[in-house]
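Structure file my_file28.cif (mmCIF, C-alpha atoms) follows.
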```
data_run
loop_
_atom_site.group_PDB
_atom_site.id
_atom_site.type_symbol
_atom_site.label_atom_id
_atom_site.label_comp_id
_atom_site.auth_asym_id
_atom_site.auth_seq_id
_atom_site.Cartn_x
_atom_site.Cartn_y
_atom_site.Cartn_z
ATOM 1 C CA GLU A 1 0.000 0.000 0.000
ATOM 2 C CA ALA A 2 1.313 3.440 -0.998
ATOM 3 C CA GLN A 3 1.851 5.482 2.107
ATOM 4 C CA VAL A 4 3.754 8.097 4.058
ATOM 5 C CA THR A 5 4.636 6.886 7.561
ATOM 6 C CA GLN A 6 5.478 9.183 10.442
ATOM 7 C CA ASN A 7 6.798 8.236 13.863
ATOM 8 C CA PRO A 8 6.020 8.829 16.607
ATOM 9 C CA ARG A 9 2.323 9.725 16.326
ATOM 10 C CA TYR A 10 2.354 11.444 19.700
ATOM 11 C CA LEU A 11 5.164 12.814 21.847
ATOM 12 C CA ILE A 12 5.256 14.840 25.036
ATOM 13 C CA THR A 13 8.691 16.128 25.948
ATOM 14 C CA VAL A 14 10.448 18.976 27.685
ATOM 15 C CA THR A 15 12.104 22.148 26.507
ATOM 16 C CA GLY A 16 15.614 21.682 25.192
ATOM 17 C CA LYS A 17 15.573 17.906 24.780
ATOM 18 C CA LYS A 18 16.508 17.074 21.196
ATOM 19 C CA LEU A 19 13.986 15.042 19.266
ATOM 20 C CA THR A 20 13.575 13.571 15.804
ATOM 21 C CA VAL A 21 10.357 12.796 13.956
ATOM 22 C CA THR A 22 10.883 10.253 11.219
ATOM 23 C CA CYS A 23 9.113 10.213 7.871
ATOM 24 C CA SER A 24 9.289 7.477 5.276
ATOM 25 C CA GLN A 25 7.523 7.027 1.928
ATOM 26 C CA ASN A 26 7.311 3.899 -0.218
ATOM 27 C CA MET A 27 6.259 5.517 -3.509
ATOM 28 C CA ASN A 28 9.734 6.391 -4.837
ATOM 29 C CA HIS A 29 8.760 10.070 -4.748
ATOM 30 C CA GLU A 30 11.406 12.684 -5.444
ATOM 31 C CA TYR A 31 9.780 15.440 -3.367
ATOM 32 C CA MET A 32 9.141 15.446 0.376
ATOM 33 C CA SER A 33 7.999 18.186 2.717
ATOM 34 C CA TRP A 34 7.227 18.967 6.353
ATOM 35 C CA TYR A 35 4.331 21.120 7.594
ATOM 36 C CA ARG A 36 3.019 22.233 10.924
ATOM 37 C CA GLN A 37 -0.681 22.749 11.535
ATOM 38 C CA ASP A 38 -1.925 25.223 14.123
ATOM 39 C CA PRO A 39 -5.544 26.289 14.781
ATOM 40 C CA GLY A 40 -6.593 29.177 12.588
ATOM 41 C CA LEU A 41 -3.343 29.142 10.606
ATOM 42 C CA GLY A 42 -3.812 26.145 8.341
ATOM 43 C CA LEU A 43 -0.696 24.238 7.343
ATOM 44 C CA ARG A 44 2.608 26.061 7.088
ATOM 45 C CA GLN A 45 5.571 24.613 5.281
ATOM 46 C CA ILE A 46 8.729 24.112 7.342
ATOM 47 C CA TYR A 47 11.206 22.527 4.904
ATOM 48 C CA TYR A 48 11.029 20.674 1.640
ATOM 49 C CA SER A 49 13.342 18.490 -0.386
ATOM 50 C CA MET A 50 13.323 18.192 -4.163
ATOM 51 C CA ASN A 51 15.694 15.209 -4.157
ATOM 52 C CA VAL A 52 18.366 13.389 -2.174
ATOM 53 C CA GLU A 53 20.780 15.831 -0.522
ATOM 54 C CA VAL A 54 18.673 18.826 -1.691
ATOM 55 C CA THR A 55 16.695 20.673 0.987
ATOM 56 C CA ASP A 56 15.189 24.176 1.122
ATOM 57 C CA LYS A 57 13.434 26.353 3.650
ATOM 58 C CA GLY A 58 9.703 26.755 3.641
ATOM 59 C CA ASP A 59 7.862 29.597 5.370
ATOM 60 C CA VAL A 60 8.622 28.674 9.007
ATOM 61 C CA PRO A 61 12.048 26.934 9.171
ATOM 62 C CA GLU A 62 13.381 28.532 12.384
ATOM 63 C CA GLY A 63 14.149 25.976 15.091
ATOM 64 C CA TYR A 64 14.023 22.987 12.741
ATOM 65 C CA LYS A 65 16.514 20.926 10.758
ATOM 66 C CA VAL A 66 16.009 18.257 8.128
ATOM 67 C CA SER A 67 18.140 15.841 6.173
ATOM 68 C CA ARG A 68 17.607 13.797 3.012
ATOM 69 C CA LYS A 69 20.286 11.144 2.825
ATOM 70 C CA GLU A 70 18.010 8.609 1.129
ATOM 71 C CA LYS A 71 15.081 9.124 -1.208
ATOM 72 C CA ARG A 72 12.544 7.431 1.048
ATOM 73 C CA ASN A 73 13.381 9.157 4.365
ATOM 74 C CA PHE A 74 13.056 12.793 5.447
ATOM 75 C CA PRO A 75 13.460 13.200 9.217
ATOM 76 C CA LEU A 76 12.541 16.422 11.032
ATOM 77 C CA ILE A 77 14.935 17.381 13.822
ATOM 78 C CA LEU A 78 14.273 19.757 16.694
ATOM 79 C CA GLU A 79 17.690 20.368 18.238
ATOM 80 C CA SER A 80 16.390 22.394 21.196
ATOM 81 C CA PRO A 81 12.586 22.276 21.241
ATOM 82 C CA SER A 82 10.638 25.132 22.775
ATOM 83 C CA PRO A 83 6.961 25.387 23.798
ATOM 84 C CA ASN A 84 6.093 27.429 20.681
ATOM 85 C CA GLN A 85 6.910 24.327 18.632
ATOM 86 C CA THR A 86 3.996 22.482 20.201
ATOM 87 C CA SER A 87 1.925 21.608 17.165
ATOM 88 C CA LEU A 88 0.611 18.951 14.810
ATOM 89 C CA TYR A 89 3.223 18.021 12.214
ATOM 90 C CA PHE A 90 2.673 16.451 8.812
ATOM 91 C CA CYS A 91 5.098 14.930 6.379
ATOM 92 C CA ALA A 92 4.124 14.708 2.714
ATOM 93 C CA SER A 93 5.571 13.504 -0.573
ATOM 94 C CA SER A 94 4.866 13.929 -4.266
ATOM 95 C CA LEU A 95 6.284 12.622 -7.488
ATOM 96 C CA PHE A 96 8.423 15.643 -8.420
ATOM 97 C CA ASP A 97 7.635 18.960 -6.736
ATOM 98 C CA GLY A 98 5.197 21.136 -4.790
ATOM 99 C CA ASN A 99 3.232 21.731 -7.972
ATOM 100 C CA GLN A 100 1.855 18.214 -7.786
ATOM 101 C CA PRO A 101 -0.625 16.510 -5.460
ATOM 102 C CA GLN A 102 1.022 15.501 -2.218
ATOM 103 C CA HIS A 103 0.377 12.382 -0.155
ATOM 104 C CA PHE A 104 0.290 13.154 3.549
ATOM 105 C CA GLY A 105 1.152 11.063 6.580
ATOM 106 C CA ASP A 106 -1.274 10.798 9.496
ATOM 107 C CA GLY A 107 0.516 13.418 11.557
ATOM 108 C CA THR A 108 2.635 13.688 14.708
ATOM 109 C CA ARG A 109 1.301 15.613 17.664
ATOM 110 C CA LEU A 110 4.175 17.181 19.609
ATOM 111 C CA SER A 111 3.783 18.786 23.012
ATOM 112 C CA ILE A 112 6.802 20.656 24.359
ATOM 113 C CA LEU A 113 6.497 21.479 28.063
ATOM 114 C CA GLY B 1 5.832 34.871 2.265
ATOM 115 C CA GLN B 2 2.776 34.453 0.114
ATOM 116 C CA GLN B 3 -0.571 34.412 1.859
ATOM 117 C CA LEU B 4 -3.840 32.748 1.053
ATOM 118 C CA ASN B 5 -7.099 33.983 2.507
ATOM 119 C CA GLN B 6 -9.696 31.253 2.706
ATOM 120 C CA SER B 7 -13.333 31.901 3.510
ATOM 121 C CA PRO B 8 -15.537 31.217 5.234
ATOM 122 C CA GLN B 9 -13.667 29.982 8.289
ATOM 123 C CA SER B 10 -16.544 27.686 9.217
ATOM 124 C CA MET B 11 -19.921 26.602 7.898
ATOM 125 C CA PHE B 12 -22.872 24.893 9.531
ATOM 126 C CA ILE B 13 -25.301 23.491 6.970
ATOM 127 C CA GLN B 14 -28.148 21.022 6.645
ATOM 128 C CA GLU B 15 -27.714 17.792 4.750
ATOM 129 C CA GLY B 16 -28.634 18.297 1.116
ATOM 130 C CA GLU B 17 -27.531 21.929 0.911
ATOM 131 C CA ASP B 18 -24.866 23.153 -1.472
ATOM 132 C CA VAL B 19 -21.609 24.592 -0.136
ATOM 133 C CA SER B 20 -19.236 27.137 -1.583
ATOM 134 C CA MET B 21 -15.840 28.237 -0.287
ATOM 135 C CA ASN B 22 -13.050 30.248 -1.852
ATOM 136 C CA CYS B 23 -9.451 31.300 -1.600
ATOM 137 C CA THR B 24 -7.766 34.497 -2.674
ATOM 138 C CA SER B 25 -4.083 35.208 -2.968
ATOM 139 C CA SER B 26 -1.967 38.333 -2.874
ATOM 140 C CA SER B 27 0.095 36.939 -5.760
ATOM 141 C CA ILE B 28 -0.264 34.717 -8.795
ATOM 142 C CA PHE B 29 -0.275 30.943 -8.511
ATOM 143 C CA ASN B 30 0.362 28.382 -11.251
ATOM 144 C CA THR B 31 -1.403 25.569 -9.424
ATOM 145 C CA TRP B 32 -4.354 25.379 -7.076
ATOM 146 C CA LEU B 33 -5.052 22.289 -5.006
ATOM 147 C CA TRP B 34 -8.004 21.507 -2.758
ATOM 148 C CA TYR B 35 -7.593 19.100 0.164
ATOM 149 C CA LYS B 36 -9.921 17.659 2.785
ATOM 150 C CA GLN B 37 -8.819 16.661 6.269
ATOM 151 C CA ASP B 38 -10.797 14.240 8.408
ATOM 152 C CA PRO B 39 -10.257 14.216 12.188
ATOM 153 C CA GLY B 40 -7.015 12.500 13.190
ATOM 154 C CA GLU B 41 -5.776 12.146 9.645
ATOM 155 C CA GLY B 42 -3.640 13.957 7.123
ATOM 156 C CA PRO B 43 -5.136 16.003 4.280
ATOM 157 C CA VAL B 44 -6.287 14.122 1.203
ATOM 158 C CA LEU B 45 -6.330 15.653 -2.264
ATOM 159 C CA LEU B 46 -9.758 16.397 -3.720
ATOM 160 C CA ILE B 47 -9.061 18.359 -6.881
ATOM 161 C CA ALA B 48 -5.969 19.745 -8.647
ATOM 162 C CA LEU B 49 -6.137 22.736 -11.030
ATOM 163 C CA TYR B 50 -3.309 23.668 -13.401
ATOM 164 C CA LYS B 51 -4.689 26.230 -15.846
ATOM 165 C CA ALA B 52 -6.332 29.634 -15.405
ATOM 166 C CA GLY B 53 -10.067 29.335 -16.015
ATOM 167 C CA GLU B 54 -10.022 25.566 -15.578
ATOM 168 C CA LEU B 55 -13.206 24.071 -14.113
ATOM 169 C CA THR B 56 -12.844 20.537 -12.771
ATOM 170 C CA SER B 57 -15.320 18.176 -11.119
ATOM 171 C CA ASN B 58 -14.863 15.171 -8.882
ATOM 172 C CA GLY B 59 -18.260 13.649 -8.125
ATOM 173 C CA ARG B 60 -20.263 16.240 -6.183
ATOM 174 C CA LEU B 61 -17.248 18.539 -5.965
ATOM 175 C CA THR B 62 -16.435 21.266 -8.481
ATOM 176 C CA ALA B 63 -13.460 23.603 -8.338
ATOM 177 C CA GLN B 64 -12.305 26.447 -10.543
ATOM 178 C CA PHE B 65 -8.965 28.144 -11.127
ATOM 179 C CA GLY B 66 -9.671 31.880 -11.323
ATOM 180 C CA ILE B 67 -8.872 33.787 -14.503
ATOM 181 C CA THR B 68 -6.642 36.235 -12.624
ATOM 182 C CA ARG B 69 -4.712 33.235 -11.171
ATOM 183 C CA LYS B 70 -5.158 34.811 -7.758
ATOM 184 C CA ASP B 71 -8.233 32.917 -6.646
ATOM 185 C CA SER B 72 -10.015 29.594 -6.650
ATOM 186 C CA PHE B 73 -13.294 28.250 -5.373
ATOM 187 C CA LEU B 74 -14.686 24.874 -4.355
ATOM 188 C CA ASN B 75 -18.355 23.909 -4.499
ATOM 189 C CA ILE B 76 -19.930 20.863 -2.917
ATOM 190 C CA SER B 77 -23.396 19.983 -4.116
ATOM 191 C CA ALA B 78 -26.054 18.105 -2.129
ATOM 192 C CA SER B 79 -23.944 17.777 1.010
ATOM 193 C CA ILE B 80 -23.997 14.575 3.059
ATOM 194 C CA PRO B 81 -22.814 13.907 6.644
ATOM 195 C CA SER B 82 -19.498 12.416 5.507
ATOM 196 C CA ASP B 83 -18.571 15.772 3.937
ATOM 197 C CA VAL B 84 -17.779 16.956 7.471
ATOM 198 C CA GLY B 85 -14.156 17.968 7.864
ATOM 199 C CA ILE B 86 -11.680 20.750 7.223
ATOM 200 C CA TYR B 87 -11.195 21.881 3.634
ATOM 201 C CA PHE B 88 -7.946 23.538 2.599
ATOM 202 C CA CYS B 89 -6.940 25.347 -0.534
ATOM 203 C CA ALA B 90 -3.261 25.352 -1.452
ATOM 204 C CA GLY B 91 -1.285 27.108 -4.137
ATOM 205 C CA ASN B 92 2.071 26.797 -5.839
ATOM 206 C CA ALA B 93 3.634 29.772 -7.621
ATOM 207 C CA GLY B 94 5.965 27.753 -9.820
ATOM 208 C CA GLY B 95 9.172 29.243 -11.160
ATOM 209 C CA THR B 96 11.854 29.414 -8.472
ATOM 210 C CA SER B 97 9.152 28.558 -5.901
ATOM 211 C CA TYR B 98 8.109 25.270 -7.427
ATOM 212 C CA GLY B 99 9.003 23.479 -4.186
ATOM 213 C CA LYS B 100 6.826 25.690 -2.004
ATOM 214 C CA LEU B 101 3.176 25.072 -1.241
ATOM 215 C CA THR B 102 1.106 27.700 0.564
ATOM 216 C CA PHE B 103 -2.087 26.677 2.373
ATOM 217 C CA GLY B 104 -5.165 28.638 3.314
ATOM 218 C CA GLN B 105 -6.375 28.709 6.904
ATOM 219 C CA GLY B 106 -9.043 26.089 6.231
ATOM 220 C CA THR B 107 -12.855 25.959 6.209
ATOM 221 C CA ILE B 108 -14.447 23.804 8.901
ATOM 222 C CA LEU B 109 -17.590 22.204 7.511
ATOM 223 C CA THR B 110 -20.309 20.792 9.743
ATOM 224 C CA VAL B 111 -23.286 19.016 8.165
ATOM 225 C CA HIS B 112 -26.413 18.432 10.228
ATOM 226 C CA PRO B 113 -28.435 15.341 9.236
#
```
Let me see the structure of the file written as structure tokens.
Amino acid sequence: EAQVTQNPRYLITVTGKKLTVTCSQNMNHEYMSWYRQDPGLGLRQIYYSMNVEVTDKGDVPEGYKVSRKEKRNFPLILESPSPNQTSLYFCASSLFDGNQPQHFGDGTRLSIL
Amino acid sequence: GQQLNQSPQSMFIQEGEDVSMNCTSSSIFNTWLWYKQDPGEGPVLLIALYKAGELTSNGRLTAQFGITRKDSFLNISASIPSDVGIYFCAGNAGGTSYGKLTFGQGTILTVHP
């Protein structure tokens, strides 16, 4: 089954403790992206990757890092999480770029205390 | 960054009624996408629009890419209870921004049986 898999689905942690949210897709997609969803703000793009070893900032990249060492994986790293990063996070992928329909994971709800 | 204004923010309708929502942008987009999000899940693509003036249907859903390339609308005819969810518009400007996807704030749809 074609899918985007995120882990963990839920995480409660404390300020400053580094965390990684993994994202994996099995569709051989070139493009992957991370979003955060906050009430009243819709989804905002954090980072995206057009291909292996190619990453670019979205609209809200501060406080986040990503890497794309393999085509299928695109982890989101919070080196020193802060409470304002409490949010619902989605990973997505598409065949080539942001111009095309994206397949979304089921989301990761992060709470930073 | 680019902004999308989506309206209305929420709608409460009776089953069988038609629904209309729209998005406007401060800048031109090359692609408009409409997504639906069910509770606890990631957004799922409903309709993709790639040409100014394009009118596309998907069952009871119809969406149009505005002639000015700065707006789009989504209509749902004869609503049913399973139409409940959050509807998002999203746009891609293409060119050097072909990796970026900007989302509207979402329209929360409630359908009363």
Give me the chain A side of the contact with chain B, cut-off 9 Å, one line per residue showing its nearest atom pair and distance in Å at one decimal, counting only C-alpha atoms, sorted by chain and residue number, as a tab-separated table.
```
residue	atom	partner	partner_atom	distance
A:Tyr31	CA	B:Gly99	CA	8.1
A:Ser33	CA	B:Gly99	CA	8.8
A:Pro39	CA	B:Gln105	CA	8.3
A:Gly40	CA	B:Gln105	CA	5.7
A:Leu41	CA	B:Gln105	CA	4.8
A:Gly42	CA	B:Gln105	CA	3.9
A:Leu43	CA	B:Phe103	CA	5.7
A:Arg44	CA	B:Phe103	CA	6.7
A:Gln45	CA	B:Leu101	CA	7.0
A:Tyr47	CA	B:Lys100	CA	8.8
A:Tyr48	CA	B:Gly99	CA	6.8
A:Ser49	CA	B:Gly99	CA	7.6
A:Met50	CA	B:Gly99	CA	6.8
A:Asp56	CA	B:Gly99	CA	8.2
A:Lys57	CA	B:Lys100	CA	8.7
A:Gly58	CA	B:Lys100	CA	6.4
A:Asp59	CA	B:Gly1	CA	6.4
A:Phe90	CA	B:Gly42	CA	7.0
A:Cys91	CA	B:Gly42	CA	8.8
A:Ala92	CA	B:Gly42	CA	9.0
A:Phe96	CA	B:Gly99	CA	8.9
A:Asp97	CA	B:Gly99	CA	5.4
A:Gly98	CA	B:Gly99	CA	4.5
A:Asn99	CA	B:Asn92	CA	5.6
A:Gln100	CA	B:Ala48	CA	8.0
A:Pro101	CA	B:Leu45	CA	6.6
A:Gln102	CA	B:Leu45	CA	7.4
A:His103	CA	B:Val44	CA	7.0
A:Phe104	CA	B:Gly42	CA	5.4
A:Gly105	CA	B:Gly42	CA	5.6
A:Asp106	CA	B:Gly42	CA	4.6
A:Gly107	CA	B:Gly42	CA	6.1
```
Create the file for the chosen residues now, containing C-alpha atoms and written as a PDB file, in the coordinates of the input.
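Below you can see part09.pdb, which holds the result:
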```
ATOM      1  CA  TYR A  31       9.780  15.440  -3.367  1.00  0.00           C
ATOM      2  CA  SER A  33       7.999  18.186   2.717  1.00  0.00           C
ATOM      3  CA  PRO A  39      -5.544  26.289  14.781  1.00  0.00           C
ATOM      4  CA  GLY A  40      -6.593  29.177  12.588  1.00  0.00           C
ATOM      5  CA  LEU A  41      -3.343  29.142  10.606  1.00  0.00           C
ATOM      6  CA  GLY A  42      -3.812  26.145   8.341  1.00  0.00           C
ATOM      7  CA  LEU A  43      -0.696  24.238   7.343  1.00  0.00           C
ATOM      8  CA  ARG A  44       2.608  26.061   7.088  1.00  0.00           C
ATOM      9  CA  GLN A  45       5.571  24.613   5.281  1.00  0.00           C
ATOM     10  CA  TYR A  47      11.206  22.527   4.904  1.00  0.00           C
ATOM     11  CA  TYR A  48      11.029  20.674   1.640  1.00  0.00           C
ATOM     12  CA  SER A  49      13.342  18.490  -0.386  1.00  0.00           C
ATOM     13  CA  MET A  50      13.323  18.192  -4.163  1.00  0.00           C
ATOM     14  CA  ASP A  56      15.189  24.176   1.122  1.00  0.00           C
ATOM     15  CA  LYS A  57      13.434  26.353   3.650  1.00  0.00           C
ATOM     16  CA  GLY A  58       9.703  26.755   3.641  1.00  0.00           C
ATOM     17  CA  ASP A  59       7.862  29.597   5.370  1.00  0.00           C
ATOM     18  CA  PHE A  90       2.673  16.451   8.812  1.00  0.00           C
ATOM     19  CA  CYS A  91       5.098  14.930   6.379  1.00  0.00           C
ATOM     20  CA  ALA A  92       4.124  14.708   2.714  1.00  0.00           C
ATOM     21  CA  PHE A  96       8.423  15.643  -8.420  1.00  0.00           C
ATOM     22  CA  ASP A  97       7.635  18.960  -6.736  1.00  0.00           C
ATOM     23  CA  GLY A  98       5.197  21.136  -4.790  1.00  0.00           C
ATOM     24  CA  ASN A  99       3.232  21.731  -7.972  1.00  0.00           C
ATOM     25  CA  GLN A 100       1.855  18.214  -7.786  1.00  0.00           C
ATOM     26  CA  PRO A 101      -0.625  16.510  -5.460  1.00  0.00           C
ATOM     27  CA  GLN A 102       1.022  15.501  -2.218  1.00  0.00           C
ATOM     28  CA  HIS A 103       0.377  12.382  -0.155  1.00  0.00           C
ATOM     29  CA  PHE A 104       0.290  13.154   3.549  1.00  0.00           C
ATOM     30  CA  GLY A 105       1.152  11.063   6.580  1.00  0.00           C
ATOM     31  CA  ASP A 106      -1.274  10.798   9.496  1.00  0.00           C
ATOM     32  CA  GLY A 107       0.516  13.418  11.557  1.00  0.00           C
TER      33      GLY A 107
END
```
For the file shown, report as a ChimeraX atom specification the outcome of the PyMOL selection byres ((chain B and resi 59-66) around 8) at residue level. /B:32,47,49-58,67-78
Option closest in space to Leu19 in chain A, from A:Met32, A:Asn7, A:Asp38, A:Asn73 [counting all atoms listed in the file]: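 Looking only at the distances to Leu19 in chain A, the closest residue turns out to be A:Asn7.
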Contacts of Tyr89 in chain A at 8 Å (only C-alpha atoms; same-chain gap of 4+ positions) as a ChimeraX atom specification: /A:34-37,107-110
Quick check, in Å to one decimal: how far apart do CA of Cys23 in chain B and CA of Asp38 in chain B lie? 19.8 Å
Name all residues at most 7 Å from range 77-83 of chain A (count only C-alpha atoms; drop same-chain ones fewer than 5 positions away) and give them as an MDAnalysis selection string. chainID A and resid 15:21 63:66 112:113
